[in-house]
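A.B. asks: My structure is in model-v6.txt, and what it holds is compact mmCIF, C-alpha atoms:
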# COMPACT_ATOMS: atom_id res chain seq x y z
CA PHE L 6 -35.92 -4.39 -66.05
CA PHE L 7 -36.46 -6.06 -62.68
CA ARG L 8 -40.10 -6.91 -63.42
CA CYS L 9 -39.39 -10.45 -64.55
CA CYS L 10 -37.30 -11.25 -61.47
CA ALA L 11 -38.36 -12.06 -57.94
CA MET L 12 -36.92 -9.70 -55.32
CA ALA L 13 -34.69 -12.45 -53.94
CA ASP L 14 -33.31 -13.06 -57.43
CA VAL L 15 -32.75 -9.34 -57.96
CA GLU L 16 -30.71 -9.10 -54.78
CA LYS L 17 -28.68 -12.15 -55.76
CA ILE L 18 -27.93 -10.66 -59.18
CA LYS L 19 -26.98 -7.30 -57.63
CA GLN L 20 -24.59 -9.07 -55.25
CA HIS L 21 -23.07 -10.93 -58.18
CA PHE L 22 -22.67 -7.66 -60.09
CA ASN L 23 -21.14 -5.82 -57.13
CA ARG L 24 -18.67 -8.66 -56.60
CA HIS L 25 -17.24 -8.08 -60.08
CA ASP L 26 -17.53 -4.28 -59.99
CA THR L 27 -14.32 -4.07 -57.98
CA ASN L 28 -13.89 -0.28 -58.11
CA GLY L 29 -17.54 0.33 -57.17
CA ASP L 30 -18.34 2.69 -60.05
CA GLY L 31 -21.55 0.87 -60.99
CA LYS L 32 -20.05 -0.61 -64.16
CA ILE L 33 -18.00 -3.63 -65.19
CA ASP L 34 -15.17 -2.61 -67.50
CA ARG L 35 -13.12 -4.92 -69.72
CA GLY L 36 -10.52 -5.58 -67.02
CA GLU L 37 -13.17 -6.46 -64.45
CA PHE L 38 -14.92 -8.61 -67.05
CA ASN L 39 -11.71 -10.58 -67.64
CA VAL L 40 -11.31 -11.21 -63.90
CA MET L 41 -15.00 -12.19 -63.67
CA LEU L 42 -14.55 -14.89 -66.33
CA LYS L 43 -11.46 -16.25 -64.57
CA ARG L 44 -13.36 -16.44 -61.28
CA MET L 45 -16.08 -18.39 -63.05
CA GLY L 46 -13.55 -20.76 -64.62
CA VAL L 47 -14.56 -19.62 -68.11
CA LEU L 48 -11.52 -19.77 -70.40
CA LEU L 49 -11.97 -17.90 -73.69
CA SER L 50 -9.64 -16.67 -76.39
CA ALA L 51 -9.08 -12.91 -76.45
CA THR L 52 -11.30 -12.66 -79.53
CA ASP L 53 -14.17 -14.65 -78.01
CA GLU L 54 -13.90 -12.69 -74.77
CA ARG L 55 -14.13 -9.41 -76.70
CA ARG L 56 -17.15 -10.65 -78.65
CA LEU L 57 -18.93 -11.74 -75.47
CA PHE L 58 -18.23 -8.40 -73.80
CA GLU L 59 -19.55 -6.50 -76.81
CA ALA L 60 -22.67 -8.69 -76.93
CA MET L 61 -23.41 -7.89 -73.28
CA ASP L 62 -22.59 -4.19 -73.69
CA THR L 63 -25.80 -3.50 -75.61
CA ASP L 64 -25.57 0.30 -75.49
CA ARG L 65 -21.93 0.24 -76.68
CA SER L 66 -20.79 2.36 -73.74
CA GLY L 67 -17.60 0.35 -73.25
CA CYS L 68 -18.85 -0.97 -69.90
CA ILE L 69 -21.50 -3.40 -68.70
CA GLU L 70 -24.01 -1.64 -66.47
CA LEU L 71 -26.34 -3.30 -63.96
CA LYS L 72 -29.30 -3.28 -66.35
CA GLU L 73 -27.26 -5.04 -69.04
CA PHE L 74 -25.86 -7.46 -66.47
CA VAL L 75 -29.39 -8.41 -65.36
CA GLN L 76 -30.54 -8.86 -68.94
CA GLN L 77 -27.60 -11.16 -69.68
CA TYR L 78 -27.59 -12.96 -66.33
CA PRO L 79 -28.99 -16.25 -67.73
CA THR L 80 -26.06 -16.28 -70.20
CA ILE L 81 -23.58 -15.67 -67.36
CA VAL L 82 -25.05 -18.49 -65.28
CA ALA L 83 -25.04 -20.83 -68.30
CA LEU L 84 -21.38 -20.02 -69.02
CA GLU L 85 -20.37 -20.73 -65.43
CA LYS L 86 -22.34 -23.97 -65.40
CA ARG L 87 -20.82 -25.10 -68.70
CA ALA L 88 -17.32 -24.25 -67.47
CA GLU L 89 -17.88 -26.30 -64.31
CA GLU L 90 -19.22 -29.28 -66.26
CA LYS L 91 -16.29 -29.14 -68.69
CA GLN L 92 -13.72 -29.03 -65.90
CA VAL L 93 -15.42 -31.83 -63.98
CA GLU L 94 -15.60 -34.09 -67.03
CA ASN L 95 -11.98 -33.38 -67.98
CA LEU L 96 -10.75 -34.21 -64.47
CA ARG L 97 -12.99 -37.26 -64.22
CA GLN L 98 -11.23 -38.67 -67.29
CA LYS L 99 -7.77 -37.90 -65.87
CA THR L 100 -8.41 -39.25 -62.36
CA THR L 101 -10.41 -41.99 -60.69
CA PHE L 102 -12.43 -39.51 -58.62
CA SER L 103 -16.17 -39.79 -59.20
CA THR L 104 -18.17 -36.95 -60.75
CA GLU L 105 -19.79 -36.31 -57.37
CA GLU L 106 -16.40 -36.11 -55.63
CA ILE L 107 -15.06 -33.62 -58.18
CA GLN L 108 -18.20 -31.49 -57.97
CA ALA L 109 -17.85 -31.37 -54.18
CA MET L 110 -14.18 -30.38 -54.56
CA TYR L 111 -15.19 -27.68 -57.05
CA HIS L 112 -17.53 -25.99 -54.60
CA ASN L 113 -15.00 -26.29 -51.77
CA PHE L 114 -12.31 -24.85 -54.04
CA LYS L 115 -14.50 -21.85 -54.89
CA SER L 116 -15.09 -21.06 -51.22
CA ILE L 117 -11.36 -21.32 -50.43
CA ALA L 118 -10.37 -19.24 -53.45
CA CYS L 119 -12.26 -16.18 -52.21
CA ALA L 120 -11.04 -16.34 -48.59
CA GLU L 121 -8.31 -13.71 -49.01
CA LYS L 122 -8.47 -12.52 -52.62
CA ASP L 123 -11.62 -13.15 -54.63
CA ASP L 124 -10.00 -14.16 -57.93
CA GLY L 125 -11.03 -17.78 -58.43
CA LEU L 126 -7.54 -19.04 -57.55
CA ILE L 127 -5.94 -20.22 -54.31
CA ASP L 128 -2.90 -18.17 -53.38
CA ARG L 129 -0.28 -19.04 -50.77
CA ALA L 130 -2.10 -17.22 -47.93
CA GLU L 131 -5.40 -18.95 -48.68
CA PHE L 132 -3.64 -22.31 -48.92
CA ARG L 133 -1.92 -21.84 -45.56
CA ARG L 134 -5.22 -20.87 -44.00
CA LEU L 135 -6.87 -24.01 -45.39
CA MET L 136 -4.04 -26.21 -44.12
CA VAL L 137 -3.98 -24.70 -40.64
CA GLU L 138 -7.74 -25.21 -40.29
CA SER L 139 -7.52 -28.85 -41.43
CA ASP L 140 -4.23 -29.84 -39.73
CA SER L 141 -2.80 -27.31 -37.27
CA SER L 142 -0.06 -29.72 -36.12
CA ARG L 143 2.01 -29.11 -39.25
CA ASN L 144 4.56 -26.33 -39.72
CA VAL L 145 4.47 -23.55 -42.30
CA VAL L 146 7.51 -25.09 -44.04
CA PHE L 147 5.45 -28.19 -44.79
CA TYR L 148 2.54 -26.08 -46.06
CA ASP L 149 4.82 -24.09 -48.35
CA ALA L 150 6.35 -27.29 -49.73
CA LEU L 151 2.88 -28.70 -50.32
CA PHE L 152 1.84 -25.45 -52.03
CA ARG L 153 4.74 -25.79 -54.47
CA VAL L 154 3.67 -29.33 -55.31
CA PHE L 155 0.09 -28.19 -55.98
CA ASP L 156 1.23 -25.16 -58.01
CA ARG L 157 2.59 -27.18 -60.92
CA ASP L 158 3.02 -24.26 -63.34
CA ARG L 159 4.83 -22.15 -60.69
CA SER L 160 2.42 -19.27 -61.25
CA GLY L 161 2.09 -18.49 -57.55
CA ASP L 162 -1.56 -19.58 -57.53
CA ILE L 163 -3.40 -22.91 -57.64
CA ASP L 164 -6.18 -23.33 -60.17
CA PHE L 165 -8.88 -25.98 -59.90
CA SER L 166 -7.19 -28.42 -62.25
CA GLU L 167 -3.95 -28.25 -60.24
CA PHE L 168 -5.93 -28.62 -57.02
CA VAL L 169 -7.66 -31.84 -58.08
CA SER L 170 -4.61 -33.27 -59.85
CA ALA L 171 -2.47 -32.92 -56.72
CA LEU L 172 -5.17 -34.47 -54.52
CA ALA L 173 -5.44 -37.34 -57.01
CA VAL L 174 -1.71 -38.04 -56.65
CA TYR L 175 -1.83 -37.77 -52.87
CA HIS L 176 -4.79 -40.15 -52.60
CA GLY L 177 -3.57 -42.56 -55.29
CA LYS L 178 -6.37 -41.70 -57.73
CA THR L 179 -4.34 -40.63 -60.74
CA GLY L 180 -5.60 -43.35 -63.06
CA ALA L 181 -3.67 -45.63 -65.39
CA SER L 182 -2.58 -42.84 -67.77
CA HIS L 183 -0.02 -41.41 -65.34
CA ALA L 184 3.61 -42.51 -65.11
CA PRO L 185 4.25 -45.05 -62.35
CA ASP L 186 6.62 -42.67 -60.54
CA VAL L 187 4.16 -39.75 -60.34
CA ARG L 188 3.52 -40.41 -56.65
CA ALA L 189 7.25 -40.55 -55.92
CA LYS L 190 7.65 -37.17 -57.65
CA PHE L 191 4.94 -35.75 -55.43
CA PHE L 192 6.81 -36.70 -52.26
CA PHE L 193 10.15 -35.69 -53.75
CA GLY L 194 8.69 -32.22 -54.25
CA LEU L 195 7.65 -32.08 -50.61
CA CYS L 196 11.21 -32.82 -49.48
CA ASP L 197 12.86 -30.42 -51.93
CA VAL L 198 12.36 -27.42 -49.64
CA ASP L 199 14.16 -24.83 -51.78
CA GLY L 200 12.75 -26.17 -55.06
CA ASP L 201 16.16 -26.57 -56.76
CA GLY L 202 15.47 -30.09 -58.03
CA TYR L 203 17.50 -31.83 -55.30
CA ILE L 204 16.94 -32.90 -51.72
CA SER L 205 19.91 -31.60 -49.77
CA LYS L 206 20.91 -32.27 -46.20
CA GLN L 207 19.84 -28.71 -45.47
CA ASP L 208 16.38 -29.48 -46.89
CA LEU L 209 15.95 -32.57 -44.74
CA THR L 210 17.34 -30.84 -41.65
CA LYS L 211 14.80 -28.04 -42.05
CA ILE L 212 11.94 -30.52 -42.46
CA LEU L 213 12.98 -32.46 -39.36
CA ALA L 214 13.59 -29.36 -37.24
CA ASP L 215 10.25 -27.82 -38.13
CA GLY L 216 8.47 -31.14 -37.67
CA CYS L 217 9.91 -31.48 -34.18
CA ALA L 218 9.01 -27.89 -33.31
CA SER L 219 5.42 -28.41 -34.51
CA ASN L 220 5.04 -31.44 -32.26
CA GLY L 221 6.80 -30.04 -29.19
CA LEU L 222 9.84 -32.31 -29.58
CA LYS L 223 13.40 -31.21 -28.91
CA MET L 224 16.45 -32.40 -30.84
CA SER L 225 19.91 -30.92 -30.64
CA THR L 226 21.77 -29.81 -33.75
CA THR L 227 24.00 -32.85 -33.40
CA GLU L 228 21.05 -35.24 -33.12
CA LEU L 229 19.42 -33.72 -36.20
CA ALA L 230 22.66 -34.01 -38.15
CA ASN L 231 23.03 -37.68 -37.15
CA VAL L 232 19.50 -38.52 -38.31
CA VAL L 233 20.06 -36.72 -41.61
CA ASP L 234 23.43 -38.45 -42.18
CA LEU L 235 21.94 -41.88 -41.46
CA THR L 236 19.05 -41.19 -43.84
CA PHE L 237 21.29 -40.05 -46.68
CA ALA L 238 23.55 -43.09 -46.19
CA LYS L 239 20.63 -45.31 -47.25
CA PHE L 240 20.44 -43.73 -50.72
CA PRO L 241 22.81 -44.27 -53.65
CA GLY L 242 24.92 -41.14 -54.00
CA GLY L 243 23.84 -39.94 -50.58
CA GLN L 244 27.42 -39.26 -49.53
CA SER L 245 27.40 -36.19 -51.81
CA GLY L 246 24.87 -34.52 -49.53
CA LYS L 247 22.31 -34.12 -52.33
CA LEU L 248 19.76 -36.52 -53.79
CA ASP L 249 18.30 -36.24 -57.26
CA PHE L 250 14.99 -37.84 -58.17
CA ALA L 251 16.58 -41.01 -59.55
CA SER L 252 18.30 -41.66 -56.21
CA PHE L 253 15.20 -40.77 -54.22
CA LYS L 254 13.05 -43.13 -56.30
CA THR L 255 15.10 -46.17 -55.25
CA LYS L 256 13.63 -45.82 -51.74
CA SER L 257 10.47 -43.89 -52.57
CA SER L 258 8.13 -46.60 -51.32
CA SER L 259 9.20 -45.65 -47.80
CA PHE L 260 7.86 -42.14 -48.35
CA SER L 261 4.75 -42.86 -50.42
CA GLY L 262 3.33 -45.46 -48.11
CA LYS L 263 3.35 -48.18 -50.73
Can you present the structure in this file as structure tokens?

C.D. replies:
Amino acid sequence: FFRCCAMADVEKIKQHFNRHDTNGDGKIDRGEFNVMLKRMGVLLSATDERRLFEAMDTDRSGCIELKEFVQQYPTIVALEKRAEEKQVENLRQKTTFSTEEIQAMYHNFKSIACAEKDDGLIDRAEFRRLMVESDSSRNVVFYDALFRVFDRDRSGDIDFSEFVSALAVYHGKTGASHAPDVRAKFFFGLCDVDGDGYISKQDLTKILADGCASNGLKMSTTELANVVDLTFAKFPGGQSGKLDFASFKTKSSSFSGK
């Protein structure tokens, strides 16, 4: 069954197979098949996924063996390519990123998503690693806050759509279809350290303290408290010690850079 393939292609296909054969038994079972599709960005209904698996499992053994994988490899590649094109087009319509920019982000996303756990998603550890490599001056508190903003569905992982959507907000490339306060919500989420829907004095104190520590600056507890009190005094309702989004939005241009 390798006759039609060049040796380099055979090795590439074997590597692809071994990547998805996570328990190393020489077969891809239904669970491994499901993970494989997720890694590829292929989203199918349970029925369509079952039909595809059964079509590839030509000997009806209940698993996809290497020979079957090789025979169906063009279908696998076509599915992955179609999934990429669909995601790129969908995000191109939702943002003002170009097709080329989104394609570049897609390939970068794929490389990041397999850094710690090869599942086609970016988890917290992979995200921190990415952030440290790109901007080591920041503190882990900032990275965790940024992760929460990216992870819109609170699943604990970032998929490609969430990845691009968050970058679009950050870079002001959300397009006309988004609400005018979407950028303010992005920065509100960064400041809401505990994710309770409010920015408290404790949240802001933590951000300031960790920011100072990351940059080698020293501020006493009293100095931090004074800065936080002065900041909250500028917002309506700030005397309560907590800011909701409506209050934050009144001064959000200071945070969004507008």

A.B. asks: Interatomic distance between atom CA of Phe253 of chain L and atom CA of Phe193 of chain L?

C.D. replies: 7.2 Å

A.B. asks: Taking into account all atoms listed in the file, which residue in the set L:Met136, L:Lys254, L:Val47, L:Ala60 is nearest to Glu85 of chain L?

C.D. replies: L:Val47

A.B. asks: Atom CA of Ala51 of chain L to atom CA of Asn39 of chain L: how many Å, to one decimal?

C.D. replies: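 Distance reported for this atom pair: 9.5 Å.
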
A.B. asks: When you count only C-alpha atoms, which of these residues is closest to Asp162 of chain L: L:Ala150, L:Leu195, L:Ala118, L:Val233?

C.D. replies: L:Ala118

A.B. asks: Got a sec: who's within 12 Å of Asp62 of chain L, counting only C-alpha atoms, leaving out chain neighbours fewer than 2 positions off, as a ChimeraX atom specification?

C.D. replies: /L:32-35,38,55-60,64-77

A.B. asks: Please provide the set of residues having any atom within 8 Å of Phe102 of chain L, restricted to all atoms listed in the file, with same-chain residues fewer than 5 positions apart removed, written as a list in words.

C.D. replies: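 Neighbouring residues, sequence-local ones excluded: Arg97, Ile107, Ala173 and Lys178 of chain L.
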
A.B. asks: For a quick check of your reading of the model, name the residues lying within 9 Å of the coordinate (3.2, -39.7, -56.4), counting only C-alpha atoms, and write them as a PyMOL selection string.

C.D. replies: chain L and resi 171+173-177+179+185-193+261

A.B. asks: Of the candidates L:Leu229, L:Ile18, L:Ala109, L:Val146, which shows the shortest atom-to-atom distance to Pro79 of chain L, using all atoms listed in the file?

C.D. replies: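 The closest residue to Pro79 of chain L is L:Ile18.
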
A.B. asks: As an exercise, work out the distance from atom CA of Val137 of chain L to atom CA of Lys206 of chain L in Å and give it to one decimal place.

C.D. replies: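 Pair atom CA of Val137 of chain L / atom CA of Lys206 of chain L returns 26.6 Å.
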
A.B. asks: Name the closest residue to Ile117 of chain L among the candidates L:Glu131, L:Asp208, L:Glu167, L:Glu138; distances are taken between atoms, counting all atoms listed in the file.

C.D. replies: L:Glu131

A.B. asks: For Phe240 of chain L, list every protein, DNA or RNA residue within 12 Å, evaluated using all atoms listed in the file, and leave out those in the same chain fewer than 3 positions away; present the list as a PyMOL selection string.

C.D. replies: chain L and resi 204+233-237+243-257+259

A.B. asks: Between L:Tyr78, L:Thr227, L:Gly202, L:Leu135, which has the minimum distance to Val15 of chain L (counting all atoms listed in the file)?

C.D. replies: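 Checking each candidate against Val15 of chain L, we get L:Tyr78 as the closest.
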